[in-house]
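Read the structure below first, then the notes.
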Amino acid sequence: MLAPRVGPLVIRFGIQRLVTLGFLSAAAAYALFVPIGLDSGYAAAMLPTFVLAGFGFALSYGPLNIAGTNGMAPEEQGLASGLVSSSFQVGGAIVLAVATAVNNAAAGSDGSPQALLDGFQAAIVVSVIAAGLGAIVTAVRRRPQEVPEKAVLEENEPLEEAA
């Protein structure tokens with residue numbers, strides 16, 4: 001719903017603001033997961049986290065791709081896009097590995113539901129920290145990022161029906 005409309009948002013607000021807001025939204029979503037208990041309901045405890053996380057990812061994924069490929073020569077766009085995608089995958093794998101290690105270290109040895117939840121809650125803190133660091137790094141970035149306004153507008157034009 002939001003992802004196809006990110007182009008005009010990039011033109012209006014800039015890449016840095018959208019990515020920062022996206023990371024902050026993801027950090028807030030993960031932070032809402034931390035206090036979830038064994039008896040937490042879906043609508044009150046989990047649904048807001050899913051909405052905030054989806055909003056954050058939709059706001060930041062497109063602008064990050066634009067930032068990673070902006071200014072590249074046309075013949076290097078594929079390489080730049082591949083490097084951006086690879087960095088997303090490697091970064092996600094590293095955070096997942098750290099979160100899994102924290103989960104295993106924090107989960108109790110008795111295998112009870114509460115012990116497992118304790119491990120999950122500790123692991124979610126890793127995601128809160130990663131998203132928070134992403135927001136900080138993006139927010140303090142000093143080098144302005146040009147918005148390729150013409151390219152974004154062309155990409156978001158509706159396809160014309162073939163006559």
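Residue numbering restarts at 1 for every chain of the structure tokens, chains are lettered A, B, ... in their displayed order, and ligands are numbered from 1 as they appear.
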
Find the residues near Ile129 of chain A: any atom within 10 Å, counting only C-alpha atoms, skip ones fewer than 5 places away on the same chain, and give them as a PDB file with N, CA and C atoms, in the first residue's frame.
ATOM      1  N   ALA A  27      12.303   0.398  15.043  1.00  0.00           N
ATOM      2  CA  ALA A  27      12.787   0.309  16.428  1.00  0.00           C
ATOM      3  C   ALA A  27      11.610   0.349  17.408  1.00  0.00           C
ATOM      4  N   TYR A  30       9.819  -3.074  17.279  1.00  0.00           N
ATOM      5  CA  TYR A  30      10.544  -4.091  18.042  1.00  0.00           C
ATOM      6  C   TYR A  30      10.447  -3.829  19.543  1.00  0.00           C
ATOM      7  N   ALA A  31      10.525  -2.566  19.932  1.00  0.00           N
ATOM      8  CA  ALA A  31      10.430  -2.227  21.356  1.00  0.00           C
ATOM      9  C   ALA A  31       9.073  -2.619  21.930  1.00  0.00           C
ATOM     10  N   VAL A  95      22.697  -9.668  12.026  1.00  0.00           N
ATOM     11  CA  VAL A  95      21.806  -9.337  13.140  1.00  0.00           C
ATOM     12  C   VAL A  95      21.049 -10.591  13.592  1.00  0.00           C
ATOM     13  N   ILE A 124      14.979  -9.815  21.005  1.00  0.00           N
ATOM     14  CA  ILE A 124      14.318  -8.680  20.363  1.00  0.00           C
ATOM     15  C   ILE A 124      15.036  -7.379  20.691  1.00  0.00           C
ATOM     16  N   GLY A 134      20.647   2.220  13.251  1.00  0.00           N
ATOM     17  CA  GLY A 134      20.380   2.636  11.878  1.00  0.00           C
ATOM     18  C   GLY A 134      19.772   4.023  11.821  1.00  0.00           C
ATOM     19  N   ALA A 135      18.832   4.301  12.727  1.00  0.00           N
ATOM     20  CA  ALA A 135      18.208   5.631  12.772  1.00  0.00           C
ATOM     21  C   ALA A 135      19.224   6.704  13.134  1.00  0.00           C
TER      22      ALA A 135
END

- Any idea what's packed within 12 Å of Asp39 of chain A, counting only C-alpha atoms, ignoring anything in its chain fewer than 4 positions away? Could you give it as a list in words?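 Surrounding residues, per the criterion: Pro35, Ala44, Ala45, Met46, Pro113, Gln114 and Leu117 of chain A.
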
- Message: I'd like the neighbourhood of segment 53-68 of chain A as a ChimeraX atom specification, where a residue qualifies if any of its atoms comes within 9 Å (using only C-alpha atoms), though same-chain residues fewer than 4 positions away should be ignored.
- Response: /A:1-3,6-7,9-10,14-16,18-30,48-49,72,80-81,83-85,145-148,152

- Task: Write out as a list in words the residues lying within 12 Å of Phe120 of chain A, counting only C-alpha atoms and excluding same-chain residues fewer than 4 positions away.
- Result: Tyr30, Phe33, Val34, Pro35, Ile36, Gly37, Leu38, Ala99, Thr100, Ala101, Val102, Asn103, Asn104, Ala105, Ala106, Ala107, Gly108, Pro113, Gln114, Ala115, Leu116, Ile124, Val125, Val126 and Ser127 of chain A

- Item | Sel. of alpha helix (DSSP H) residues, segment 33-134 of chain A, as a ChimeraX atom specification | /A:33,47-69,77-106,113-134

- For Ala131 of chain A, the nearest of the candidates A:Gly91, A:Gly119, A:Pro8, A:Gly71, counting only C-alpha atoms: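 The shortest atom-to-atom distance to Ala131 of chain A comes from A:Gly91.
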